[in-house]
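**Student:** What follows is the file input-v2.txt, containing compact mmCIF, C-alpha atoms and all ligand atoms:
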# COMPACT_ATOMS: atom_id res chain seq x y z
CA MET W 11 -2.46 28.83 0.38
CA LEU W 12 -4.17 25.51 1.07
CA ASP W 13 -7.68 25.66 2.53
CA TYR W 14 -7.82 22.74 4.98
CA ARG W 15 -11.57 22.91 5.56
CA GLU W 16 -13.39 19.83 4.32
CA LYS W 17 -15.85 20.41 1.49
CA PRO W 18 -19.47 19.25 2.11
CA GLU W 19 -19.27 16.59 -0.63
CA VAL W 20 -16.22 15.06 1.07
CA GLY W 21 -18.08 14.94 4.40
CA ALA W 22 -21.07 13.31 2.66
CA LEU W 23 -18.79 10.74 1.08
CA ARG W 24 -17.30 9.85 4.47
CA ALA W 25 -20.79 9.31 5.87
CA GLN W 26 -21.69 7.08 2.91
CA LEU W 27 -18.49 5.03 3.28
CA ARG W 28 -19.05 4.56 7.01
CA GLU W 29 -22.53 3.24 6.33
CA LEU W 30 -21.15 0.80 3.78
CA VAL W 31 -18.45 -0.37 6.19
CA ASP W 32 -21.12 -0.89 8.88
CA GLU W 33 -23.19 -2.90 6.45
CA PHE W 34 -20.52 -5.06 4.80
CA VAL W 35 -17.52 -5.27 7.14
CA PRO W 36 -17.79 -7.00 10.54
CA ARG W 37 -16.45 -4.99 13.48
CA SER W 38 -13.93 -7.72 14.20
CA TYR W 39 -12.35 -7.47 10.72
CA LEU W 40 -8.57 -6.93 10.85
CA GLY W 41 -7.61 -7.13 7.18
CA ALA W 42 -7.86 -9.71 4.43
CA PHE W 43 -4.70 -11.65 5.22
CA THR W 44 -5.47 -13.29 8.53
CA HIS W 45 -5.60 -17.07 8.89
CA ASP W 46 -9.34 -16.96 8.26
CA PRO W 47 -10.11 -17.28 4.49
CA HIS W 48 -13.48 -15.63 5.20
CA ASP W 49 -11.61 -12.31 5.63
CA LEU W 50 -10.45 -12.39 2.02
CA GLU W 51 -14.03 -13.08 0.95
CA ILE W 52 -15.21 -10.03 2.95
CA ALA W 53 -12.64 -7.85 1.18
CA GLU W 54 -13.55 -9.15 -2.26
CA ASN W 55 -17.29 -8.67 -1.72
CA PHE W 56 -16.73 -5.22 -0.30
CA CYS W 57 -14.58 -4.15 -3.29
CA GLN W 58 -17.28 -5.28 -5.67
CA GLU W 59 -19.88 -3.32 -3.68
CA LEU W 60 -17.69 -0.23 -3.93
CA GLY W 61 -17.06 -0.94 -7.61
CA ARG W 62 -20.80 -1.16 -8.36
CA ARG W 63 -21.24 2.29 -6.79
CA ARG W 64 -18.17 3.64 -8.67
CA LEU W 65 -16.58 4.33 -5.31
CA LEU W 66 -13.56 2.08 -5.65
CA ALA W 67 -11.53 4.00 -8.24
CA MET W 68 -13.39 7.25 -7.61
CA ALA W 69 -10.79 9.63 -8.99
CA TRP W 70 -10.44 7.74 -12.29
CA PRO W 71 -12.16 8.99 -15.45
CA THR W 72 -15.66 7.61 -16.01
CA ASP W 73 -14.49 5.76 -19.16
CA PHE W 74 -12.33 3.52 -16.99
CA GLY W 75 -14.96 2.80 -14.33
CA GLY W 76 -14.29 5.77 -12.04
CA SER W 77 -16.48 8.74 -11.24
CA ALA W 78 -13.99 11.53 -11.94
CA ALA W 79 -14.01 12.50 -8.26
CA SER W 80 -11.56 15.01 -6.81
CA VAL W 81 -8.26 13.98 -5.21
CA TRP W 82 -9.82 15.12 -1.91
CA GLU W 83 -12.62 12.60 -2.24
CA GLN W 84 -10.03 9.93 -3.12
CA THR W 85 -8.10 10.97 0.00
CA ALA W 86 -11.20 10.63 2.18
CA LEU W 87 -11.76 7.14 0.71
CA ARG W 88 -8.17 6.18 1.53
CA GLU W 89 -8.51 7.46 5.10
CA GLU W 90 -11.85 5.81 5.78
CA MET W 91 -10.54 2.48 4.49
CA TRP W 92 -7.17 2.44 6.24
CA ALA W 93 -8.76 3.55 9.51
CA VAL W 94 -10.79 0.32 9.62
CA HIS W 95 -7.97 -2.07 8.64
CA GLU W 96 -8.30 -1.67 4.87
CA PRO W 97 -11.40 -3.68 3.91
CA ARG W 98 -10.38 -3.37 0.24
CA GLY W 99 -7.66 -5.91 1.04
CA ALA W 100 -4.96 -6.29 -1.62
CA GLN W 101 -7.00 -4.31 -4.11
CA TYR W 102 -5.84 -0.98 -2.71
CA MET W 103 -2.63 -1.50 -4.73
CA GLY W 104 -4.56 -1.70 -8.00
CA ILE W 105 -6.32 1.55 -7.18
CA ASN W 106 -3.38 3.43 -5.68
CA TRP W 107 -0.69 2.80 -8.23
CA VAL W 108 -1.14 -0.10 -10.69
CA GLY W 109 -4.14 1.53 -12.40
CA PRO W 110 -2.77 5.09 -12.41
CA VAL W 111 0.56 3.92 -13.85
CA ILE W 112 -1.13 1.83 -16.58
CA MET W 113 -3.32 4.87 -17.31
CA LYS W 114 -0.22 7.04 -17.72
CA HIS W 115 2.07 4.66 -19.64
CA GLY W 116 -0.25 2.08 -21.23
CA THR W 117 -1.69 1.71 -24.73
CA SER W 118 -5.43 2.09 -25.37
CA ALA W 119 -5.70 -1.70 -25.58
CA GLN W 120 -4.03 -2.01 -22.16
CA HIS W 121 -6.39 0.63 -20.74
CA GLU W 122 -9.41 -1.29 -21.99
CA LYS W 123 -8.14 -4.63 -20.80
CA PHE W 124 -6.77 -3.79 -17.36
CA LEU W 125 -8.48 -0.70 -15.94
CA PRO W 126 -12.21 -1.60 -15.84
CA PRO W 127 -11.63 -4.86 -13.86
CA ILE W 128 -9.59 -2.93 -11.27
CA ALA W 129 -12.32 -0.29 -10.93
CA ALA W 130 -14.97 -3.02 -10.64
CA GLY W 131 -13.09 -4.68 -7.77
CA GLU W 132 -12.63 -7.92 -9.65
CA VAL W 133 -8.89 -8.35 -9.75
CA ILE W 134 -5.84 -8.55 -7.48
CA TRP W 135 -2.40 -7.42 -8.62
CA CYS W 136 0.95 -8.11 -7.01
CA GLN W 137 4.19 -6.19 -7.33
CA GLY W 138 7.18 -8.22 -8.57
CA PHE W 139 10.06 -5.87 -7.82
CA SER W 140 12.27 -7.11 -4.92
CA GLU W 141 14.66 -10.03 -5.34
CA PRO W 142 17.02 -11.76 -2.90
CA GLY W 143 19.88 -9.53 -4.14
CA ALA W 144 17.82 -6.47 -5.05
CA GLY W 145 15.76 -4.62 -2.44
CA SER W 146 17.01 -1.13 -1.63
CA ASP W 147 19.35 -1.61 -4.59
CA LEU W 148 16.50 -2.39 -6.98
CA PRO W 149 18.50 -1.84 -10.22
CA ALA W 150 20.55 -4.93 -9.25
CA LEU W 151 17.55 -7.10 -10.19
CA ARG W 152 18.41 -10.18 -12.27
CA THR W 153 15.09 -11.74 -13.31
CA SER W 154 15.46 -11.92 -17.08
CA ALA W 155 13.12 -11.57 -20.04
CA THR W 156 14.30 -13.11 -23.31
CA LYS W 157 12.66 -12.26 -26.62
CA THR W 158 10.78 -15.06 -28.42
CA ASP W 159 8.27 -15.02 -31.26
CA GLY W 160 5.43 -12.68 -30.25
CA GLY W 161 6.50 -12.34 -26.64
CA TRP W 162 9.05 -12.86 -23.87
CA ARG W 163 10.23 -15.75 -21.66
CA ILE W 164 10.71 -14.84 -18.00
CA ASN W 165 13.20 -16.58 -15.68
CA GLY W 166 14.25 -15.69 -12.16
CA GLN W 167 13.00 -15.16 -8.62
CA LYS W 168 11.13 -12.45 -6.71
CA ILE W 169 10.79 -12.21 -2.95
CA TRP W 170 8.54 -10.45 -0.37
CA THR W 171 5.80 -10.34 -3.02
CA SER W 172 2.67 -9.34 -1.11
CA TYR W 173 -0.53 -11.25 -1.98
CA ALA W 174 1.17 -13.24 -4.79
CA ARG W 175 -0.83 -16.38 -4.06
CA MET W 176 -4.16 -14.64 -4.55
CA ALA W 177 -3.11 -12.31 -7.39
CA GLN W 178 -4.25 -12.85 -10.96
CA TRP W 179 -1.69 -10.40 -12.37
CA CYS W 180 1.84 -9.33 -11.56
CA PHE W 181 3.35 -5.92 -12.27
CA LEU W 182 6.77 -7.37 -13.00
CA LEU W 183 10.21 -5.83 -13.44
CA ALA W 184 12.63 -7.88 -15.52
CA ARG W 185 15.94 -7.26 -17.20
CA THR W 186 15.67 -7.24 -21.00
CA GLY W 187 19.26 -6.38 -21.62
CA PRO W 188 22.39 -4.94 -20.10
CA SER W 189 22.91 -1.51 -21.54
CA GLY W 190 24.35 1.79 -20.43
CA GLY W 191 23.72 2.50 -16.75
CA ARG W 192 22.26 -0.08 -14.36
CA LYS W 193 18.81 1.50 -14.59
CA ASP W 194 18.73 0.90 -18.36
CA GLY W 195 17.64 -2.44 -19.76
CA ILE W 196 14.80 -2.92 -17.25
CA THR W 197 11.29 -3.49 -18.63
CA VAL W 198 7.83 -3.61 -17.02
CA PHE W 199 5.65 -6.62 -17.90
CA LEU W 200 1.99 -7.17 -17.04
CA LEU W 201 2.21 -10.89 -16.37
CA ASP W 202 -0.63 -13.38 -16.02
CA MET W 203 0.06 -15.30 -12.78
CA ASN W 204 -2.19 -18.16 -13.79
CA GLN W 205 0.20 -20.12 -16.02
CA ASP W 206 2.75 -22.93 -15.91
CA GLY W 207 6.14 -21.47 -15.19
CA VAL W 208 4.97 -19.32 -12.24
CA GLU W 209 5.32 -20.86 -8.78
CA THR W 210 4.50 -19.02 -5.55
CA ARG W 211 5.68 -20.08 -2.11
CA PRO W 212 4.52 -18.49 1.15
CA VAL W 213 6.98 -16.79 3.51
CA ASP W 214 5.54 -17.00 7.02
CA SER W 215 6.11 -13.82 8.99
CA MET W 216 4.77 -11.62 11.78
CA VAL W 217 2.40 -9.99 9.26
CA GLY W 218 0.60 -13.31 8.72
CA ASN W 219 1.15 -16.34 6.54
CA HIS W 220 -0.86 -15.05 3.58
CA HIS W 221 0.98 -11.81 3.09
CA LEU W 222 4.54 -12.39 1.89
CA ASN W 223 5.71 -14.81 -0.78
CA GLU W 224 8.50 -15.91 -3.04
CA VAL W 225 7.67 -16.15 -6.75
CA TYR W 226 9.70 -18.33 -9.13
CA PHE W 227 9.57 -17.87 -12.91
CA ASP W 228 10.66 -20.82 -14.98
CA ASP W 229 10.14 -19.96 -18.66
CA ALA W 230 6.93 -18.07 -17.88
CA TRP W 231 5.56 -16.25 -20.91
CA VAL W 232 4.24 -12.74 -21.62
CA PRO W 233 3.02 -11.55 -25.01
CA ASP W 234 4.45 -8.39 -26.62
CA GLU W 235 1.16 -6.56 -25.87
CA ALA W 236 1.87 -6.99 -22.16
CA VAL W 237 4.98 -4.79 -22.15
CA LEU W 238 4.13 -1.54 -20.37
CA GLY W 239 5.87 1.47 -21.95
CA THR W 240 9.10 1.07 -23.87
CA VAL W 241 11.34 -2.01 -23.71
CA GLY W 242 14.43 -1.18 -21.64
CA ARG W 243 12.94 2.07 -20.25
CA GLY W 244 11.05 0.54 -17.30
CA TRP W 245 12.92 2.63 -14.75
CA ASP W 246 10.97 5.75 -15.80
CA ILE W 247 7.81 3.86 -14.83
CA VAL W 248 9.32 2.61 -11.53
CA THR W 249 9.86 6.21 -10.47
CA ASP W 250 6.14 6.90 -10.95
CA VAL W 251 5.16 3.68 -9.15
CA LEU W 252 7.21 4.52 -6.08
CA ALA W 253 5.90 8.10 -5.96
CA PHE W 254 2.25 6.91 -6.07
CA GLU W 255 2.93 4.05 -3.68
CA ARG W 256 4.72 6.01 -1.01
CA VAL W 257 1.96 8.58 -0.56
CA GLY W 258 -0.85 6.10 -1.16
CA ILE W 259 -1.59 4.89 2.36
CA ALA W 260 -3.28 7.10 4.97
CA ARG W 261 -1.53 5.47 7.93
CA TYR W 262 -2.33 8.44 10.18
CA ALA W 263 -6.06 7.67 9.84
CA ARG W 264 -5.76 4.32 11.63
CA CYS W 265 -3.41 5.83 14.21
CA GLU W 266 -6.00 8.49 15.01
CA ARG W 267 -8.87 5.99 15.24
CA LEU W 268 -6.96 3.64 17.56
CA LEU W 269 -5.69 6.47 19.76
CA GLN W 270 -9.22 7.88 20.07
CA TRP W 271 -10.56 4.42 20.85
CA ALA W 272 -8.12 3.84 23.77
CA PRO W 273 -9.92 5.90 26.48
CA LYS W 274 -13.27 4.32 25.52
CA ALA W 275 -11.81 0.80 25.56
CA LEU W 276 -10.22 1.34 28.96
CA GLY W 277 -13.26 2.96 30.55
CA ALA W 278 -12.61 3.84 34.20
CA ALA W 279 -9.12 2.31 33.99
CA TRP W 280 -8.03 5.23 31.77
CA ASP W 281 -7.84 7.44 34.88
CA GLU W 282 -5.42 4.98 36.49
CA LEU W 283 -2.81 5.32 33.70
CA SER W 284 0.42 7.02 34.65
CA PRO W 285 0.65 10.72 33.67
CA ALA W 286 3.77 9.87 31.62
CA LEU W 287 1.80 7.35 29.52
CA VAL W 288 -1.06 9.82 29.00
CA ASP W 289 1.53 12.42 27.90
CA ARG W 290 2.89 9.96 25.33
CA TRP W 291 -0.67 9.31 24.11
CA THR W 292 -1.23 13.09 23.74
CA MET W 293 2.03 13.60 21.84
CA ALA W 294 1.20 10.66 19.56
CA LEU W 295 -2.14 12.32 18.79
CA VAL W 296 -0.36 15.60 17.98
CA HIS W 297 2.07 13.77 15.65
CA THR W 298 -0.90 12.04 14.00
CA ARG W 299 -2.49 15.41 13.21
CA GLN W 300 0.84 16.73 11.90
CA ALA W 301 1.17 13.74 9.56
CA ARG W 302 -2.38 14.37 8.31
CA LEU W 303 -1.49 17.98 7.47
CA MET W 304 1.66 16.84 5.64
CA ALA W 305 -0.49 14.41 3.63
CA TYR W 306 -2.90 17.21 2.73
CA LYS W 307 -0.03 19.39 1.56
CA ILE W 308 0.94 16.60 -0.87
CA VAL W 309 -2.66 16.12 -2.01
CA GLY W 310 -2.83 19.88 -2.63
CA HIS W 311 0.25 19.57 -4.89
CA GLN W 312 -1.27 16.56 -6.65
CA GLU W 313 -4.42 18.56 -7.32
CA ARG W 314 -2.24 21.07 -9.14
CA GLY W 315 -0.54 18.24 -11.04
CA GLY W 316 2.79 17.95 -9.20
CA LEU W 317 4.57 15.98 -6.50
CA ASP W 318 7.69 17.32 -4.77
CA PRO W 319 10.04 14.37 -4.00
CA ALA W 320 11.16 16.06 -0.76
CA ASP W 321 7.53 16.28 0.42
CA ALA W 322 6.90 12.64 -0.53
CA ALA W 323 9.99 11.40 1.34
CA SER W 324 9.40 13.56 4.43
CA TYR W 325 5.75 12.47 4.58
CA ARG W 326 6.77 8.83 4.28
CA ILE W 327 9.35 9.20 7.08
CA ALA W 328 6.82 11.00 9.31
CA VAL W 329 3.99 8.57 8.76
CA THR W 330 5.95 5.32 9.09
CA THR W 331 7.73 6.41 12.26
CA LEU W 332 4.34 7.65 13.53
CA ASP W 333 2.95 4.14 12.95
CA GLN W 334 5.67 2.77 15.24
CA GLU W 335 5.32 5.47 17.89
CA VAL W 336 1.56 4.90 18.08
CA ALA W 337 2.04 1.13 18.13
CA GLU W 338 4.32 1.37 21.17
CA VAL W 339 2.04 3.79 23.05
CA LEU W 340 -1.02 1.64 22.39
CA MET W 341 0.75 -1.57 23.39
CA ASP W 342 1.72 0.04 26.69
CA ILE W 343 -1.83 1.31 27.21
CA ALA W 344 -3.37 -2.07 26.38
CA GLY W 345 -0.78 -3.78 28.57
CA ALA W 346 -1.52 -1.46 31.49
CA GLY W 347 -4.49 -3.78 32.14
CA GLY W 348 -7.94 -3.10 33.48
CA LEU W 349 -9.49 -2.86 30.01
CA GLY W 350 -13.24 -2.08 29.91
CA THR W 351 -15.99 -4.56 29.04
CA PRO W 352 -14.62 -7.88 27.73
CA ASP W 353 -15.98 -7.56 24.18
CA THR W 354 -14.70 -4.04 23.55
CA ALA W 355 -11.44 -4.85 25.30
CA ARG W 356 -10.83 -7.91 23.15
CA LEU W 357 -11.55 -6.03 19.92
CA PHE W 358 -9.28 -3.17 20.98
CA GLU W 359 -6.44 -5.49 22.00
CA ARG W 360 -6.63 -7.40 18.74
CA ALA W 361 -6.68 -4.18 16.71
CA VAL W 362 -3.67 -2.83 18.64
CA GLU W 363 -1.72 -6.04 18.16
CA ASP W 364 -2.50 -6.07 14.44
CA HIS W 365 -1.41 -2.45 14.15
CA TRP W 366 1.79 -3.16 16.10
CA ARG W 367 2.77 -6.06 13.81
CA TYR W 368 2.23 -4.06 10.62
CA ALA W 369 3.95 -1.01 12.07
CA GLN W 370 7.20 -3.00 12.44
CA ALA W 371 7.22 -3.53 8.67
CA SER W 372 6.23 0.03 7.75
CA THR W 373 9.81 1.36 7.77
CA VAL W 374 10.91 -1.43 5.39
CA ALA W 375 8.08 -1.94 2.87
CA SER W 376 8.21 0.25 -0.29
CA GLY W 377 11.65 1.55 0.58
CA THR W 378 13.38 1.52 3.95
CA LEU W 379 13.57 4.45 6.34
CA GLU W 380 17.28 4.88 5.58
CA MET W 381 16.59 5.05 1.84
CA GLN W 382 13.81 7.62 2.43
CA GLN W 383 16.25 9.71 4.48
CA GLN W 384 18.73 9.61 1.61
CA LEU W 385 16.02 10.58 -0.89
CA LEU W 386 15.03 13.51 1.30
CA ALA W 387 18.65 14.64 1.74
CA ARG W 388 19.24 14.50 -2.03
CA ALA W 389 16.01 16.36 -2.77
CA LEU W 390 16.90 19.09 -0.28
CA VAL W 391 20.41 19.76 -1.62
CA LYS W 392 19.22 20.01 -5.24
C1 LIG K 401 5.48 -6.06 4.63
C2 LIG K 401 6.31 -5.96 3.39
C3 LIG K 401 5.71 -6.05 2.15
C4 LIG K 401 6.47 -6.00 0.98
N1 LIG K 401 5.85 -6.16 -0.22
C5 LIG K 401 6.58 -6.16 -1.36
C6 LIG K 401 5.96 -6.40 -2.62
O1 LIG K 401 4.74 -6.58 -2.70
N2 LIG K 401 6.73 -6.41 -3.73
C7 LIG K 401 8.07 -6.20 -3.70
O2 LIG K 401 8.70 -6.19 -4.74
N3 LIG K 401 8.71 -5.99 -2.50
C8 LIG K 401 7.99 -5.98 -1.34
N4 LIG K 401 8.61 -5.78 -0.12
C9 LIG K 401 10.06 -5.69 -0.10
C10 LIG K 401 10.59 -4.30 0.24
O3 LIG K 401 10.43 -3.42 -0.84
C11 LIG K 401 12.08 -4.49 0.60
O4 LIG K 401 12.12 -5.26 1.80
C12 LIG K 401 12.79 -3.17 0.82
O5 LIG K 401 12.93 -2.48 -0.39
C13 LIG K 401 14.18 -3.40 1.44
O6 LIG K 401 14.94 -4.32 0.70
P1 LIG K 401 15.63 -5.57 1.40
O7 LIG K 401 14.63 -6.27 2.24
O8 LIG K 401 16.33 -6.34 0.35
O9 LIG K 401 16.69 -4.94 2.42
P2 LIG K 401 18.13 -4.37 2.04
O10 LIG K 401 18.03 -3.50 0.85
O11 LIG K 401 19.09 -5.50 1.99
O12 LIG K 401 18.43 -3.47 3.30
C14 LIG K 401 18.85 -4.00 4.56
C15 LIG K 401 19.19 -2.84 5.47
O13 LIG K 401 20.30 -2.10 4.91
C16 LIG K 401 19.95 -0.73 4.74
N5 LIG K 401 20.54 -0.22 3.51
C17 LIG K 401 20.57 -0.81 2.30
N6 LIG K 401 21.21 -0.03 1.41
C18 LIG K 401 21.56 1.10 2.07
C19 LIG K 401 22.24 2.30 1.70
N7 LIG K 401 22.65 2.51 0.44
N8 LIG K 401 22.43 3.24 2.65
C20 LIG K 401 22.00 3.06 3.92
N9 LIG K 401 21.36 1.94 4.34
C21 LIG K 401 21.15 0.98 3.42
C22 LIG K 401 18.44 -0.71 4.62
O14 LIG K 401 17.92 0.56 4.98
C23 LIG K 401 18.05 -1.82 5.60
O15 LIG K 401 18.03 -1.32 6.91
C24 LIG K 401 7.88 -5.82 1.06
C25 LIG K 401 8.49 -5.71 2.31
C26 LIG K 401 7.72 -5.77 3.48
C27 LIG K 401 8.41 -5.66 4.79
What would you get if you wrote out this structure as C-alpha cells?
**Tutor:**
Amino acid sequence: MLDYREKPEVGALRAQLRELVDEFVPRSYLGAFTHDPHDLEIAENFCQELGRRRLLAMAWPTDFGGSAASVWEQTALREEMWAVHEPRGAQYMGINWVGPVIMKHGTSAQHEKFLPPIAAGEVIWCQGFSEPGAGSDLPALRTSATKTDGGWRINGQKIWTSYARMAQWCFLLARTGPSGGRKDGITVFLLDMNQDGVETRPVDSMVGNHHLNEVYFDDAWVPDEAVLGTVGRGWDIVTDVLAFERVGIARYARCERLLQWAPKALGAAWDELSPALVDRWTMALVHTRQARLMAYKIVGHQERGGLDPADAASYRIAVTTLDQEVAEVLMDIAGAGGLGTPDTARLFERAVEDHWRYAQASTVASGTLEMQQQLLARALVK
C-alpha cells in the first residue's frame, strides 16, 4: 500500500527549489524557447546553479554527479520545475531519459564522458528519432549508418527534432542493416552535432520558432565508441527511452498551479464567472489531483524497480488530455474578461496562452494519443 504523505526531506527540497526559482528565474519566464534569446541564457544559468548544488540529476549516483536522492525527491524536482514553465529548458531531457539510458546501456567510458556534463547542467541533447515517413511507425526509419574504418557514416533526415539547433549531442537512431523483423537492424548512436555533415533547419510552429527542427545528415561521422549498446539491437534501448520519457513530465503540476492562480488573477471578477465555467474549473482541479495520484502510483513502482506498461500508458493518456482540458478551461476563464490588476493579469494571460499552445502538442509528442490507447489495450489483454 502506497503511503501518499510527503516525507519532510521532500518538503524541505521543495522549499529550497522555490527559493532558487525566486532567485534565478524571473516571474515572467515562460520557457527557454521563446523569441527572446535571454530565456535560453536563464535556463542555462539555472541548470548550472542546480548542477553546482547537485540538484539537477539528484537521483543519480554520486559518482556521476548526482546526490543519490530518492525517486520521490526527483519527482518533487520535476513537479517544481514543470509548474513554473520548466526553467531547466531542454536539459530536462538529459536528466529524464538520456542520462538514465546511457547509465543502463553504456560502457564505463561512455558513463565517464557523457554523464557528468549532463549532471553539471553543461550540455543539451536532442532526440533524433522521427523521420518524415517514420513517426508512430518508428521502425520504418530510413536514416542509415554505414560502417567505415573506426566508425560509421550517417546519411538521412530527421524531423520534429526539439532543440536541435542548440544541442551539442544527438541521441540518434539509424538503420545499420536490414535483418529479421523491422525492429532489428536499428542502432543507437551518440552523435556530435558540431560537425560538417549535420545541418539543422528550423520548423516554425505554434510552439515557437526555436523548438522544432529538421536535421539532415550528409556523411556525418560517429566513432565506434559512440555506439550505445549492441549494433542492430537499438530497439531494446528505444523501449527504455520511451518508458522513461512518457512518465518524465509532471504536467499536472503546471495545471494545478495555473488553476489555483486563476481566482487570484481575476480578483473580484471571479465571482462574475458563470456557474458552468466554475464547475468546469472545479472538475479540472479534480482531474489534476487524479493525475497526480496516478503519477505517484508509477513512482511507487519505480521505487521498487518496475514499471507496468499499462500504468505508463494510462498515466500518459490522463495527463495529456488533462493538459488540454485545463488549457480550454483557462482560456475561457481568461477570455471572460475583467482580469485583476494589469501586471498580474498580463502574466496570467501569457502563462495561459503558453500552456494552451503546448497542450495542443501534448497528445502528439512522444507518441500520439491513439498509439497510447493501443499500448494500453495491448497491455490490458496480456
Ligand atoms: C512538440 C513536439 C515535439 C517533438 N519532439 C520530437 C523530438 O525531439 N524528437 C523526435 O524524434 N520526434 C519528436 N516529435 C515527433 C513525435 O514523436 C511524432 O510527431 C509522433 O510520434 C507522431 O508521428 P507523426 O507526426 O509522424 O504522425 P503519424 O505517425 O503520421 O500520425 C498521424 C496520425 O495518424 C494516427 N496514427 C498513426 N498510426 C496509427 C495507427 N497504427 N493506429 C491508429 N492511429 C494511427 C496518429 O495517432 C496521428 O493522429 C515531436 C512532436 C511534437 C508535436
**Student:** Enclose the full set of atoms of region 118-137 of chain W listed in the file within a box whose edges lie along x, y and z, apply 5 Å of padding to each of the six sides, and report centre and edge lengths in Å to one decimal as JSON.
**Tutor:**
{"center_x": -5.4, "center_y": -3.2, "center_z": -16.3, "size_x": 29.2, "size_y": 20.6, "size_z": 28.6}
**Student:** Write out as an NGL selection string which residues come within 7 Å of region 188-204 of chain W when counting only C-alpha atoms, dropping same-chain ones fewer than 4 positions away.
**Tutor:** :W and (149 or 177-184 or 208 or 232 or 236-238 or 241-245)
**Student:** Just to be explicit: take each residue in the selection above, keep C-alpha atoms, and write the result as a short mmCIF file (atom, residue, chain, number, x, y, z; two decimals), keeping the file's coordinate frame.
**Tutor:**
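Wrote it out as result-v1.cif, contents follow:
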data_model
loop_
_atom_site.label_atom_id
_atom_site.label_comp_id
_atom_site.auth_asym_id
_atom_site.auth_seq_id
_atom_site.Cartn_x
_atom_site.Cartn_y
_atom_site.Cartn_z
CA PRO W 149 18.50 -1.84 -10.22
CA ALA W 177 -3.11 -12.31 -7.39
CA GLN W 178 -4.25 -12.85 -10.96
CA TRP W 179 -1.69 -10.40 -12.37
CA CYS W 180 1.84 -9.33 -11.56
CA PHE W 181 3.35 -5.92 -12.27
CA LEU W 182 6.77 -7.37 -13.00
CA LEU W 183 10.21 -5.83 -13.44
CA ALA W 184 12.63 -7.88 -15.52
CA VAL W 208 4.97 -19.32 -12.24
CA VAL W 232 4.24 -12.74 -21.62
CA ALA W 236 1.87 -6.99 -22.16
CA VAL W 237 4.98 -4.79 -22.15
CA LEU W 238 4.13 -1.54 -20.37
CA VAL W 241 11.34 -2.01 -23.71
CA GLY W 242 14.43 -1.18 -21.64
CA ARG W 243 12.94 2.07 -20.25
CA GLY W 244 11.05 0.54 -17.30
CA TRP W 245 12.92 2.63 -14.75
#
**Student:** Contacts of region 61-68 of chain W at 6 Å or less, counting only C-alpha atoms, minus same-chain residues fewer than 3 places along, as a list in words?
**Tutor:**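 The residues satisfying every condition are Cys57, Gln58, Gly76, Ser77, Ala79, Ile105, Ala129, Ala130 and Gly131 of chain W.
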**Student:** Check every protein, DNA and RNA residue against ligand LIG 401 (chain K), keep those with an atom at most 10 Å away (counting only C-alpha atoms and all ligand atoms), and present them as an NGL selection string.
**Tutor:** :W and (100 or 103 or 135-148 or 168-174 or 180-183 or 215-218 or 221-224 or 367-384)
**Student:** Would you mind telling me which residue in W:Ala69, W:Leu27, W:Leu317, W:Val213 lies nearest to Thr249 (chain W) when using all atoms listed in the file?
**Tutor:** W:Leu317
**Student:** Please indicate the distance in Å from CA of Arg163 (chain W) to CA of Arg185 (chain W), rounded to one decimal place.
**Tutor:**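 Going from CA of Arg163 (chain W) over to CA of Arg185 (chain W), I get 11.2 Å.
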